[in-house]
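Everything below belongs to upload33.pdb, which stores PDB, C-alpha atoms.
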```
ATOM      1  CA  MET B   1      -4.492 -28.173  -7.430
ATOM      2  CA  ILE B   2      -2.654 -25.925  -9.875
ATOM      3  CA  ASP B   3       1.025 -25.116  -9.831
ATOM      4  CA  LEU B   4       1.820 -21.465  -9.346
ATOM      5  CA  PRO B   5       3.177 -20.275 -12.728
ATOM      6  CA  ALA B   6       6.243 -18.096 -12.760
ATOM      7  CA  PRO B   7       4.353 -14.757 -12.888
ATOM      8  CA  MET B   8       2.134 -15.705  -9.952
ATOM      9  CA  PHE B   9       5.154 -16.948  -8.010
ATOM     10  CA  ALA B  10       6.901 -13.639  -8.580
ATOM     11  CA  ILE B  11       3.887 -11.735  -7.303
ATOM     12  CA  GLU B  12       3.645 -14.057  -4.320
ATOM     13  CA  MET B  13       7.284 -13.434  -3.409
ATOM     14  CA  ALA B  14       6.693  -9.698  -3.630
ATOM     15  CA  GLN B  15       3.759 -10.154  -1.287
ATOM     16  CA  ASP B  16       6.018 -12.068   1.103
ATOM     17  CA  ALA B  17       8.442  -9.173   1.112
ATOM     18  CA  ALA B  18       5.671  -6.707   1.884
ATOM     19  CA  LEU B  19       4.393  -8.847   4.732
ATOM     20  CA  MET B  20       7.558 -10.037   6.383
ATOM     21  CA  GLN B  21       9.867  -7.050   6.061
ATOM     22  CA  VAL B  22       9.766  -3.530   7.377
ATOM     23  CA  GLY B  23       8.913  -0.876   4.859
ATOM     24  CA  PRO B  24       6.055   1.402   3.952
ATOM     25  CA  SER B  25       3.054  -0.801   3.257
ATOM     26  CA  PRO B  26       1.708  -0.614  -0.309
ATOM     27  CA  MET B  27      -1.854  -0.971   0.998
ATOM     28  CA  PRO B  28      -3.708   2.372   1.227
ATOM     29  CA  MET B  29      -5.548   1.166   4.329
ATOM     30  CA  ARG B  30      -2.283   0.639   6.215
ATOM     31  CA  PRO B  31      -0.742   4.115   6.510
ATOM     32  CA  SER B  32       2.118   4.676   8.914
ATOM     33  CA  ASP B  33       4.425   7.450   9.994
ATOM     34  CA  LEU B  34       7.149   4.985  10.819
ATOM     35  CA  PRO B  35       8.117   2.227   8.395
ATOM     36  CA  ILE B  36       5.889  -0.252  10.189
ATOM     37  CA  PRO B  37       2.728  -1.441   8.451
ATOM     38  CA  ARG B  38       0.568  -1.377  11.539
ATOM     39  CA  ARG B  39      -2.328   0.916  12.353
ATOM     40  CA  ARG B  40      -1.761   0.395  16.079
ATOM     41  CA  LYS B  41       1.778   1.737  15.761
ATOM     42  CA  GLN B  42       0.542   4.805  13.966
ATOM     43  CA  ALA B  43      -1.945   5.524  16.711
ATOM     44  CA  GLU B  44       0.750   5.176  19.356
ATOM     45  CA  GLU B  45       3.114   7.464  17.494
ATOM     46  CA  GLU B  46       0.521  10.132  16.796
ATOM     47  CA  ALA B  47      -0.360  10.062  20.482
ATOM     48  CA  GLY B  48       3.271  10.800  21.232
ATOM     49  CA  LEU B  49       3.685   7.669  23.339
ATOM     50  CA  VAL B  50       2.608   9.602  26.405
ATOM     51  CA  ARG B  51       4.697   8.988  29.497
ATOM     52  CA  PRO B  52       3.786  10.964  32.626
ATOM     53  CA  ASP B  53       7.325  10.868  34.005
ATOM     54  CA  LEU B  54       8.874  13.054  31.292
ATOM     55  CA  PRO B  55       7.898  16.711  30.688
ATOM     56  CA  GLN B  56       6.957  18.710  27.595
ATOM     57  CA  GLN B  57       4.470  16.225  26.184
ATOM     58  CA  ASP B  58       2.347  19.003  24.668
ATOM     59  CA  ARG B  59       5.243  20.323  22.618
ATOM     60  CA  LEU B  60       5.946  16.812  21.345
ATOM     61  CA  ALA B  61       2.301  16.388  20.338
ATOM     62  CA  LEU B  62       2.460  19.681  18.439
ATOM     63  CA  CYS B  63       5.699  18.649  16.750
ATOM     64  CA  LEU B  64       4.244  15.319  15.671
ATOM     65  CA  ALA B  65       1.100  16.986  14.344
ATOM     66  CA  LYS B  66       3.201  19.464  12.373
ATOM     67  CA  ALA B  67       5.364  16.590  11.085
ATOM     68  CA  ALA B  68       2.252  15.121   9.477
ATOM     69  CA  SER B  69       1.032  18.381   7.933
ATOM     70  CA  ASP B  70       4.182  20.419   7.236
ATOM     71  CA  PRO B  71       7.418  18.392   7.552
ATOM     72  CA  ASP B  72       9.700  21.283   6.583
ATOM     73  CA  ALA B  73       8.268  23.541   9.266
ATOM     74  CA  ALA B  74       8.418  20.697  11.759
ATOM     75  CA  MET B  75      12.106  20.169  11.000
ATOM     76  CA  VAL B  76      12.831  23.837  11.681
ATOM     77  CA  GLU B  77      10.836  23.586  14.902
ATOM     78  CA  VAL B  78      12.608  20.469  16.127
ATOM     79  CA  GLN B  79      16.080  21.854  15.364
ATOM     80  CA  THR B  80      15.191  25.006  17.329
ATOM     81  CA  TRP B  81      13.874  22.829  20.142
ATOM     82  CA  LEU B  82      17.055  20.778  20.291
ATOM     83  CA  GLY B  83      19.228  23.887  20.207
ATOM     84  CA  GLU B  84      17.478  25.684  23.042
ATOM     85  CA  SER B  85      16.727  22.722  25.309
ATOM     86  CA  ARG B  86      18.863  22.074  28.336
ATOM     87  CA  ASP B  87      16.365  19.779  30.028
ATOM     88  CA  THR B  88      16.905  16.046  29.437
ATOM     89  CA  GLY B  89      13.210  15.339  29.060
ATOM     90  CA  GLN B  90      12.892  17.973  26.338
ATOM     91  CA  GLN B  91      15.886  16.529  24.517
ATOM     92  CA  VAL B  92      14.308  13.070  24.621
ATOM     93  CA  ARG B  93      11.082  14.308  23.121
ATOM     94  CA  ALA B  94      12.733  16.528  20.553
ATOM     95  CA  ASN B  95      14.793  13.565  19.367
ATOM     96  CA  GLN B  96      11.660  11.450  19.195
ATOM     97  CA  CYS B  97      10.050  13.978  16.868
ATOM     98  CA  LEU B  98      13.274  14.264  14.859
ATOM     99  CA  GLY B  99      13.361  10.497  14.471
ATOM    100  CA  MET B 100       9.795  10.530  13.210
ATOM    101  CA  LEU B 101      10.568  13.243  10.684
ATOM    102  CA  ARG B 102      13.608  11.407   9.388
ATOM    103  CA  SER B 103      11.701   8.127   9.178
ATOM    104  CA  ASN B 104       8.944   9.785   7.174
ATOM    105  CA  ALA B 105      11.601  11.148   4.808
ATOM    106  CA  GLY B 106      13.199   7.718   4.345
ATOM    107  CA  ASP B 107      16.364   8.681   6.241
ATOM    108  CA  PHE B 108      16.413   5.564   8.398
ATOM    109  CA  ASP B 109      20.027   5.938   9.510
ATOM    110  CA  GLY B 110      19.241   9.458  10.697
ATOM    111  CA  ALA B 111      16.088   8.215  12.389
ATOM    112  CA  LEU B 112      18.042   5.497  14.155
ATOM    113  CA  GLU B 113      20.521   8.081  15.418
ATOM    114  CA  ALA B 114      17.716  10.324  16.725
ATOM    115  CA  PHE B 115      15.827   7.514  18.459
ATOM    116  CA  SER B 116      19.079   6.229  19.948
ATOM    117  CA  GLN B 117      19.811   9.702  21.323
ATOM    118  CA  ALA B 118      16.317   9.799  22.802
ATOM    119  CA  VAL B 119      16.851   6.471  24.558
ATOM    120  CA  THR B 120      20.225   7.629  25.862
ATOM    121  CA  GLY B 121      18.590  10.638  27.501
ATOM    122  CA  ILE B 122      16.223   8.562  29.646
ATOM    123  CA  PRO B 123      17.527   7.960  33.180
ATOM    124  CA  ARG B 124      18.224   4.372  34.113
ATOM    125  CA  GLU B 125      15.568   4.393  36.834
ATOM    126  CA  GLN B 126      12.991   5.422  34.202
ATOM    127  CA  GLU B 127      14.138   2.905  31.599
ATOM    128  CA  VAL B 128      10.626   1.545  31.162
ATOM    129  CA  ALA B 129       9.707   4.867  29.494
ATOM    130  CA  GLY B 130      12.247   4.122  26.777
ATOM    131  CA  VAL B 131      10.757   0.830  25.597
ATOM    132  CA  PRO B 132       8.664   2.369  22.778
ATOM    133  CA  LEU B 133      11.673   4.408  21.652
ATOM    134  CA  MET B 134      13.819   1.271  21.598
ATOM    135  CA  ALA B 135      11.208  -0.330  19.366
ATOM    136  CA  MET B 136      11.311   2.723  17.076
ATOM    137  CA  ALA B 137      15.093   2.480  16.911
ATOM    138  CA  GLY B 138      14.798  -1.197  16.032
ATOM    139  CA  ASN B 139      12.391  -0.511  13.209
ATOM    140  CA  ALA B 140      14.529   2.297  11.842
ATOM    141  CA  ALA B 141      17.514  -0.064  11.866
ATOM    142  CA  LEU B 142      15.512  -2.774  10.133
ATOM    143  CA  ALA B 143      14.226  -0.385   7.480
ATOM    144  CA  GLY B 144      17.812   0.750   6.914
ATOM    145  CA  GLY B 145      19.023  -2.807   6.372
ATOM    146  CA  LYS B 146      20.801  -3.108   9.727
ATOM    147  CA  THR B 147      19.089  -6.328  10.715
ATOM    148  CA  ASP B 148      21.421  -7.445  13.493
ATOM    149  CA  GLU B 149      21.263  -3.999  15.088
ATOM    150  CA  ALA B 150      17.465  -4.032  14.794
ATOM    151  CA  LEU B 151      17.257  -7.380  16.570
ATOM    152  CA  ALA B 152      19.494  -6.072  19.351
ATOM    153  CA  TRP B 153      17.153  -3.111  19.871
ATOM    154  CA  PHE B 154      14.068  -5.336  19.997
ATOM    155  CA  ASP B 155      15.729  -7.699  22.441
ATOM    156  CA  ARG B 156      16.797  -4.767  24.593
ATOM    157  CA  ALA B 157      13.240  -3.442  24.669
ATOM    158  CA  LEU B 158      11.819  -6.818  25.651
ATOM    159  CA  ALA B 159      14.393  -7.230  28.415
ATOM    160  CA  VAL B 160      13.203  -4.122  30.297
ATOM    161  CA  LYS B 161      11.296  -5.066  33.431
ATOM    162  CA  GLY B 162       8.015  -3.447  34.336
ATOM    163  CA  PHE B 163       6.673  -2.536  30.905
ATOM    164  CA  ALA B 164       3.089  -3.763  31.108
ATOM    165  CA  ASP B 165       1.495  -2.816  27.758
ATOM    166  CA  ASN B 166       0.775  -6.216  26.224
ATOM    167  CA  ALA B 167      -0.305  -4.782  22.872
ATOM    168  CA  ALA B 168       2.965  -2.869  22.542
ATOM    169  CA  LEU B 169       4.991  -5.903  23.628
ATOM    170  CA  ALA B 170       3.184  -8.009  21.036
ATOM    171  CA  ALA B 171       4.044  -5.402  18.400
ATOM    172  CA  ILE B 172       7.716  -5.608  19.359
ATOM    173  CA  GLN B 173       7.603  -9.405  19.097
ATOM    174  CA  THR B 174       6.022  -9.091  15.655
ATOM    175  CA  ASP B 175       8.695  -6.644  14.545
ATOM    176  CA  ARG B 176      11.335  -8.928  16.032
ATOM    177  CA  SER B 177       9.960 -11.787  13.914
ATOM    178  CA  ARG B 178      10.608  -9.705  10.787
ATOM    179  CA  ALA B 179      14.224  -9.257  11.785
ATOM    180  CA  LEU B 180      14.581 -12.975  12.471
ATOM    181  CA  VAL B 181      13.045 -13.864   9.094
ATOM    182  CA  ALA B 182      15.454 -11.477   7.393
ATOM    183  CA  LEU B 183      18.297 -13.313   9.154
ATOM    184  CA  GLY B 184      16.962 -16.706   8.053
ATOM    185  CA  ARG B 185      16.066 -17.724  11.613
ATOM    186  CA  ASN B 186      12.546 -18.842  10.800
ATOM    187  CA  ALA B 187      12.026 -21.141  13.784
ATOM    188  CA  GLU B 188      12.840 -18.275  16.162
ATOM    189  CA  ALA B 189      10.585 -15.983  14.144
ATOM    190  CA  ALA B 190       7.721 -18.441  14.588
ATOM    191  CA  GLY B 191       8.398 -18.456  18.332
ATOM    192  CA  ALA B 192       8.287 -14.652  18.423
ATOM    193  CA  LEU B 193       4.933 -14.690  16.640
ATOM    194  CA  ASP B 194       3.594 -17.301  19.061
ATOM    195  CA  GLU B 195       4.493 -14.935  21.893
ATOM    196  CA  ALA B 196       2.805 -12.070  20.031
ATOM    197  CA  HIS B 197      -0.365 -14.182  19.790
ATOM    198  CA  ARG B 198      -0.228 -14.834  23.525
ATOM    199  CA  LEU B 199       0.129 -11.149  24.331
ATOM    200  CA  ALA B 200      -2.402  -9.852  21.793
ATOM    201  CA  PRO B 201      -4.603 -12.729  20.616
ATOM    202  CA  GLU B 202      -6.894 -10.438  18.607
ATOM    203  CA  ASP B 203      -4.134  -8.748  16.581
ATOM    204  CA  ALA B 204      -4.910  -9.754  12.996
ATOM    205  CA  GLU B 205      -1.523  -8.708  11.637
ATOM    206  CA  GLY B 206       0.325 -11.137  13.869
ATOM    207  CA  TRP B 207      -1.885 -13.995  12.653
ATOM    208  CA  LEU B 208      -1.404 -12.902   9.042
ATOM    209  CA  LEU B 209       2.364 -12.950   9.435
ATOM    210  CA  SER B 210       2.397 -16.348  11.127
ATOM    211  CA  ALA B 211       0.138 -17.735   8.372
ATOM    212  CA  THR B 212       2.543 -16.405   5.747
ATOM    213  CA  LEU B 213       5.535 -17.847   7.567
ATOM    214  CA  ALA B 214       3.864 -21.252   7.981
ATOM    215  CA  ARG B 215       2.948 -21.303   4.291
ATOM    216  CA  ARG B 216       6.525 -20.477   3.326
ATOM    217  CA  GLN B 217       7.621 -23.439   5.443
ATOM    218  CA  ASP B 218       5.074 -25.698   3.673
ATOM    219  CA  ASP B 219       2.984 -26.129   6.821
ATOM    220  CA  LEU B 220      -0.312 -25.513   5.061
ATOM    221  CA  ASP B 221      -2.469 -26.803   7.914
ATOM    222  CA  ARG B 222      -0.961 -24.246  10.298
ATOM    223  CA  ALA B 223      -1.144 -21.575   7.597
ATOM    224  CA  GLN B 224      -4.844 -22.245   7.054
ATOM    225  CA  ARG B 225      -5.569 -22.149  10.774
ATOM    226  CA  ASP B 226      -3.762 -18.857  11.264
ATOM    227  CA  ILE B 227      -5.236 -17.129   8.214
ATOM    228  CA  GLU B 228      -8.731 -18.052   9.405
ATOM    229  CA  ILE B 229      -7.988 -16.358  12.721
ATOM    230  CA  ALA B 230      -6.621 -13.305  10.890
ATOM    231  CA  ALA B 231      -9.801 -13.168   8.801
ATOM    232  CA  LYS B 232     -11.906 -13.360  11.952
ATOM    233  CA  TYR B 233     -10.333 -10.179  13.316
ATOM    234  CA  ALA B 234      -9.788  -8.340  10.004
ATOM    235  CA  PRO B 235     -12.380  -9.687   7.566
ATOM    236  CA  ARG B 236     -11.990  -6.776   5.127
ATOM    237  CA  ASP B 237      -8.192  -6.570   5.101
ATOM    238  CA  PRO B 238      -7.085  -7.175   1.488
ATOM    239  CA  GLN B 239      -3.739  -8.581   2.594
ATOM    240  CA  VAL B 240      -5.574 -11.280   4.526
ATOM    241  CA  GLY B 241      -7.661 -12.079   1.458
ATOM    242  CA  LEU B 242      -4.592 -12.316  -0.762
ATOM    243  CA  GLU B 243      -2.820 -14.654   1.615
ATOM    244  CA  ALA B 244      -5.942 -16.763   2.157
ATOM    245  CA  GLY B 245      -6.158 -17.295  -1.597
ATOM    246  CA  VAL B 246      -2.510 -18.297  -1.931
ATOM    247  CA  ILE B 247      -2.865 -20.823   0.888
ATOM    248  CA  ALA B 248      -6.051 -22.181  -0.658
ATOM    249  CA  VAL B 249      -4.595 -22.663  -4.128
ATOM    250  CA  LEU B 250      -1.504 -24.376  -2.732
ATOM    251  CA  SER B 251      -3.844 -26.686  -0.808
ATOM    252  CA  GLY B 252      -5.731 -27.644  -3.982
ATOM    253  CA  ARG B 253      -8.823 -25.548  -3.222
ATOM    254  CA  ASP B 254      -9.035 -23.430  -6.348
ATOM    255  CA  GLU B 255     -12.614 -22.267  -5.819
ATOM    256  CA  ALA B 256     -11.846 -21.102  -2.286
ATOM    257  CA  ALA B 257      -8.863 -19.195  -3.698
ATOM    258  CA  ARG B 258     -11.069 -17.649  -6.362
ATOM    259  CA  LYS B 259     -13.575 -16.525  -3.746
ATOM    260  CA  SER B 260     -10.851 -14.918  -1.604
ATOM    261  CA  TRP B 261      -9.282 -13.043  -4.496
ATOM    262  CA  GLU B 262     -12.638 -11.899  -5.858
ATOM    263  CA  SER B 263     -13.400 -10.426  -2.436
ATOM    264  CA  VAL B 264     -10.107  -8.507  -2.557
ATOM    265  CA  VAL B 265     -10.934  -7.115  -6.007
ATOM    266  CA  ALA B 266     -14.345  -6.031  -4.739
ATOM    267  CA  ALA B 267     -12.896  -4.369  -1.644
ATOM    268  CA  ASP B 268      -9.890  -2.698  -3.313
ATOM    269  CA  PRO B 269     -10.607  -2.482  -7.062
ATOM    270  CA  GLN B 270      -8.149   0.345  -7.810
ATOM    271  CA  GLY B 271      -5.500  -0.455  -5.222
ATOM    272  CA  GLU B 272      -2.359  -2.561  -5.284
ATOM    273  CA  ALA B 273      -4.085  -5.454  -3.524
ATOM    274  CA  GLY B 274      -6.921  -5.428  -6.051
ATOM    275  CA  ARG B 275      -4.498  -5.435  -8.967
ATOM    276  CA  THR B 276      -2.553  -8.303  -7.448
ATOM    277  CA  ALA B 277      -5.746 -10.272  -6.891
ATOM    278  CA  LYS B 278      -6.796  -9.668 -10.504
ATOM    279  CA  GLY B 279      -3.478 -11.066 -11.681
ATOM    280  CA  TYR B 280      -3.963 -14.151  -9.526
ATOM    281  CA  LEU B 281      -7.478 -14.663 -10.913
ATOM    282  CA  GLU B 282      -6.285 -14.345 -14.500
ATOM    283  CA  GLN B 283      -3.714 -17.040 -13.924
ATOM    284  CA  LEU B 284      -6.190 -19.259 -12.132
ATOM    285  CA  GLY B 285      -8.503 -19.047 -15.135
ATOM    286  CA  PRO B 286     -12.283 -18.907 -15.373
ATOM    287  CA  ALA B 287     -14.461 -20.907 -13.049
ATOM    288  CA  PRO B 288     -15.537 -24.279 -14.453
ATOM    289  CA  LYS B 289     -18.941 -24.104 -16.077
ATOM    290  CA  SER B 290     -21.564 -26.532 -14.907
ATOM    291  CA  VAL B 291     -22.912 -28.508 -17.862
ATOM    292  CA  ALA B 292     -26.561 -29.554 -17.788
ATOM    293  CA  PRO B 293     -27.078 -33.235 -18.662
ATOM    294  CA  SER B 294     -28.404 -33.942 -22.144
ATOM    295  CA  PRO B 295     -31.924 -35.348 -22.471
ATOM    296  CA  ALA B 296     -30.499 -38.787 -23.113
ATOM    297  CA  GLU B 297     -28.566 -38.584 -19.839
ATOM    298  CA  LYS B 298     -31.532 -37.479 -17.737
ATOM    299  CA  PRO B 299     -32.884 -40.189 -15.508
ATOM    300  CA  ALA B 300     -36.283 -41.570 -16.449
ATOM    301  CA  PRO B 301     -39.154 -40.267 -14.323
TER
END
```
Rewrite the coordinates I just gave you, this time as structure tokens.
Amino acid sequence: MIDLPAPMFAIEMAQDAALMQVGPSPMPMRPSDLPIPRRRKQAEEEAGLVRPDLPQQDRLALCLAKAASDPDAAMVEVQTWLGESRDTGQQVRANQCLGMLRSNAGDFDGALEAFSQAVTGIPREQEVAGVPLMAMAGNAALAGGKTDEALAWFDRALAVKGFADNAALAAIQTDRSRALVALGRNAEAAGALDEAHRLAPEDAEGWLLSATLARRQDDLDRAQRDIEIAAKYAPRDPQVGLEAGVIAVLSGRDEAARKSWESVVAADPQGEAGRTAKGYLEQLGPAPKSVAPSPAEKPAP
């Protein structure tokens, strides 16, 4: 086994930050409108988190589409919408779009305010419709460095009775684990990820995060188990390959690490993951060359 030299350790810590904290993912294959590196979240947001009990869904969908293509025009549209709306449902949806726009612009405090206003506009008897918005508020708070407030939002969302979307609940647990890690409450973060696995056992990101957390806690057996599950569900994800290599090298399996990082370079040669993997490989050094035995060493026929 090799020791991680200082440059590799620095890269590894940067990788930890990308995996365990909220923020725009550096990986091109993980785009997101909100500061959550999760493709599932993006799909939910682009769909407008459709709820049949609140009106004006079509206008929200149009606002979200415009937010992706022309943010300035979308901001004008949403301000007009907020100014002319007297209906609570319209206000909720306008604030949802406003929160998205502010998140995309990096104004996480403004996004938190907008999502909070959206949640406030949902009647108590329809509270279940606000769960996704509570999760958005939590992520905006986390991205803005308000970790305690983020955790409160996630806990509030999970406390709502009757929300039956297991994939979304798993996502909230995963986001909650990030907040707990940021607060240094790693044991609770591991528990949140265990619950995420129960709710969405095929979600590769949750397994990747729990592998990273286990590795950071020096539980390499658990880390190896979890990264293998992540690789099963996302075999081409470069983040999974990077983490698999780090776990392997810390476990004394240099050739397995080399194989993982070479696969990342092949899959993402020009991207951030590929560059990171190349740096790891340079520090690991060339593969040992097999030396053929000399004639004197060859066994007699």
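Contact shell of Ala204 (chain B) at 8 Å (only C-alpha atoms; same-chain neighbours under 4 positions omitted): Leu208, Ile229, Ala230, Ala231, Lys232, Tyr233 and Ala234 of chain B.
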Limited to C-alpha atoms, could you put the picked residues into a file as a short mmCIF file (atom, residue, chain, number, x, y, z; two decimals), in the coordinates of the input?
```
data_model
loop_
_atom_site.label_atom_id
_atom_site.label_comp_id
_atom_site.auth_asym_id
_atom_site.auth_seq_id
_atom_site.Cartn_x
_atom_site.Cartn_y
_atom_site.Cartn_z
CA LEU B 208 -1.40 -12.90 9.04
CA ILE B 229 -7.99 -16.36 12.72
CA ALA B 230 -6.62 -13.30 10.89
CA ALA B 231 -9.80 -13.17 8.80
CA LYS B 232 -11.91 -13.36 11.95
CA TYR B 233 -10.33 -10.18 13.32
CA ALA B 234 -9.79 -8.34 10.00
#
```
Item to check | Distance query Asp219 (chain B) at most 12 Å, only C-alpha atoms, self and fewer than 5 positions along chain excluded, as JSON, numbers by chain | outcome: {"B": [190, 210, 211, 212, 213, 214, 224, 225, 226, 247, 250, 251]}
Checklist entry - So how many Å separate CA of Gly83 (chain B) and CA of Leu112 (chain B), to one decimal? => result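 Separation between CA of Gly83 (chain B) and CA of Leu112 (chain B): 19.4 Å.
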Next on the checklist: Please enumerate the residues selected by the PyMOL selection byres ((chain B and resi 170-176) around 8) when evaluated against the supplied file, formatted as a list in words.
Outcome noted: Val22, Lys41, Ala135, Asn139, Ala150, Leu151, Phe154, Asp155, Ala157, Leu158, Asn166, Ala167, Ala168, Leu169, Ser177, Arg178, Ala179, Leu180, Ala189, Ala192, Leu193, Glu195, Ala196, His197, Leu199, Ala200 and Gly206 of chain B
Next on the checklist: For a quick check of understanding, using only C-alpha atoms, which of B:Val76, B:Ala257, B:Leu220, B:Leu209 has the smallest distance to Gly285 (chain B)?
Outcome noted: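 Going through B:Val76, B:Ala257, B:Leu220, B:Leu209 one by one, the smallest distance to Gly285 (chain B) is for B:Ala257.
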Starting from the sparse input, extend region 258-276 of chain B to N, CA and C atoms and give the output as an mmCIF file, in the frame of the given file.
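Saved as selection.cif:
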```cif
data_model
loop_
_atom_site.group_PDB
_atom_site.id
_atom_site.type_symbol
_atom_site.label_atom_id
_atom_site.label_comp_id
_atom_site.auth_asym_id
_atom_site.auth_seq_id
_atom_site.Cartn_x
_atom_site.Cartn_y
_atom_site.Cartn_z
ATOM 1 N N ARG B 258 -10.358 -18.587 -5.501
ATOM 2 C CA ARG B 258 -11.069 -17.649 -6.362
ATOM 3 C C ARG B 258 -11.972 -16.729 -5.534
ATOM 4 N N LYS B 259 -12.678 -17.309 -4.582
ATOM 5 C CA LYS B 259 -13.575 -16.525 -3.746
ATOM 6 C C LYS B 259 -12.800 -15.485 -2.946
ATOM 7 N N SER B 260 -11.656 -15.862 -2.382
ATOM 8 C CA SER B 260 -10.851 -14.918 -1.604
ATOM 9 C C SER B 260 -10.363 -13.768 -2.465
ATOM 10 N N TRP B 261 -9.833 -14.095 -3.651
ATOM 11 C CA TRP B 261 -9.282 -13.043 -4.496
ATOM 12 C C TRP B 261 -10.367 -12.153 -5.076
ATOM 13 N N GLU B 262 -11.529 -12.736 -5.389
ATOM 14 C CA GLU B 262 -12.638 -11.899 -5.858
ATOM 15 C C GLU B 262 -13.079 -10.915 -4.780
ATOM 16 N N SER B 263 -13.030 -11.342 -3.520
ATOM 17 C CA SER B 263 -13.400 -10.426 -2.436
ATOM 18 C C SER B 263 -12.393 -9.292 -2.319
ATOM 19 N N VAL B 264 -11.120 -9.558 -2.594
ATOM 20 C CA VAL B 264 -10.107 -8.507 -2.557
ATOM 21 C C VAL B 264 -10.343 -7.509 -3.681
ATOM 22 N N VAL B 265 -10.652 -8.006 -4.880
ATOM 23 C CA VAL B 265 -10.934 -7.115 -6.007
ATOM 24 C C VAL B 265 -12.131 -6.224 -5.693
ATOM 25 N N ALA B 266 -13.156 -6.815 -5.078
ATOM 26 C CA ALA B 266 -14.345 -6.031 -4.739
ATOM 27 C C ALA B 266 -14.047 -4.973 -3.688
ATOM 28 N N ALA B 267 -13.191 -5.296 -2.737
ATOM 29 C CA ALA B 267 -12.896 -4.369 -1.644
ATOM 30 C C ALA B 267 -11.889 -3.297 -2.034
ATOM 31 N N ASP B 268 -10.982 -3.613 -2.976
ATOM 32 C CA ASP B 268 -9.890 -2.698 -3.313
ATOM 33 C C ASP B 268 -9.672 -2.692 -4.826
ATOM 34 N N PRO B 269 -10.689 -2.311 -5.605
ATOM 35 C CA PRO B 269 -10.607 -2.482 -7.062
ATOM 36 C C PRO B 269 -9.495 -1.675 -7.725
ATOM 37 N N GLN B 270 -9.162 -0.508 -7.188
ATOM 38 C CA GLN B 270 -8.149 0.345 -7.810
ATOM 39 C C GLN B 270 -6.795 0.285 -7.104
ATOM 40 N N GLY B 271 -6.729 -0.434 -6.006
ATOM 41 C CA GLY B 271 -5.500 -0.455 -5.222
ATOM 42 C C GLY B 271 -4.550 -1.560 -5.631
ATOM 43 N N GLU B 272 -3.383 -1.558 -4.991
ATOM 44 C CA GLU B 272 -2.359 -2.561 -5.284
ATOM 45 C C GLU B 272 -2.859 -3.964 -4.982
ATOM 46 N N ALA B 273 -3.570 -4.122 -3.873
ATOM 47 C CA ALA B 273 -4.085 -5.454 -3.524
ATOM 48 C C ALA B 273 -5.070 -5.938 -4.575
ATOM 49 N N GLY B 274 -5.959 -5.038 -5.026
ATOM 50 C CA GLY B 274 -6.921 -5.428 -6.051
ATOM 51 C C GLY B 274 -6.245 -5.831 -7.346
ATOM 52 N N ARG B 275 -5.212 -5.088 -7.733
ATOM 53 C CA ARG B 275 -4.498 -5.435 -8.967
ATOM 54 C C ARG B 275 -3.785 -6.776 -8.833
ATOM 55 N N THR B 276 -3.208 -7.018 -7.665
ATOM 56 C CA THR B 276 -2.553 -8.303 -7.448
ATOM 57 C C THR B 276 -3.564 -9.437 -7.513
#
```
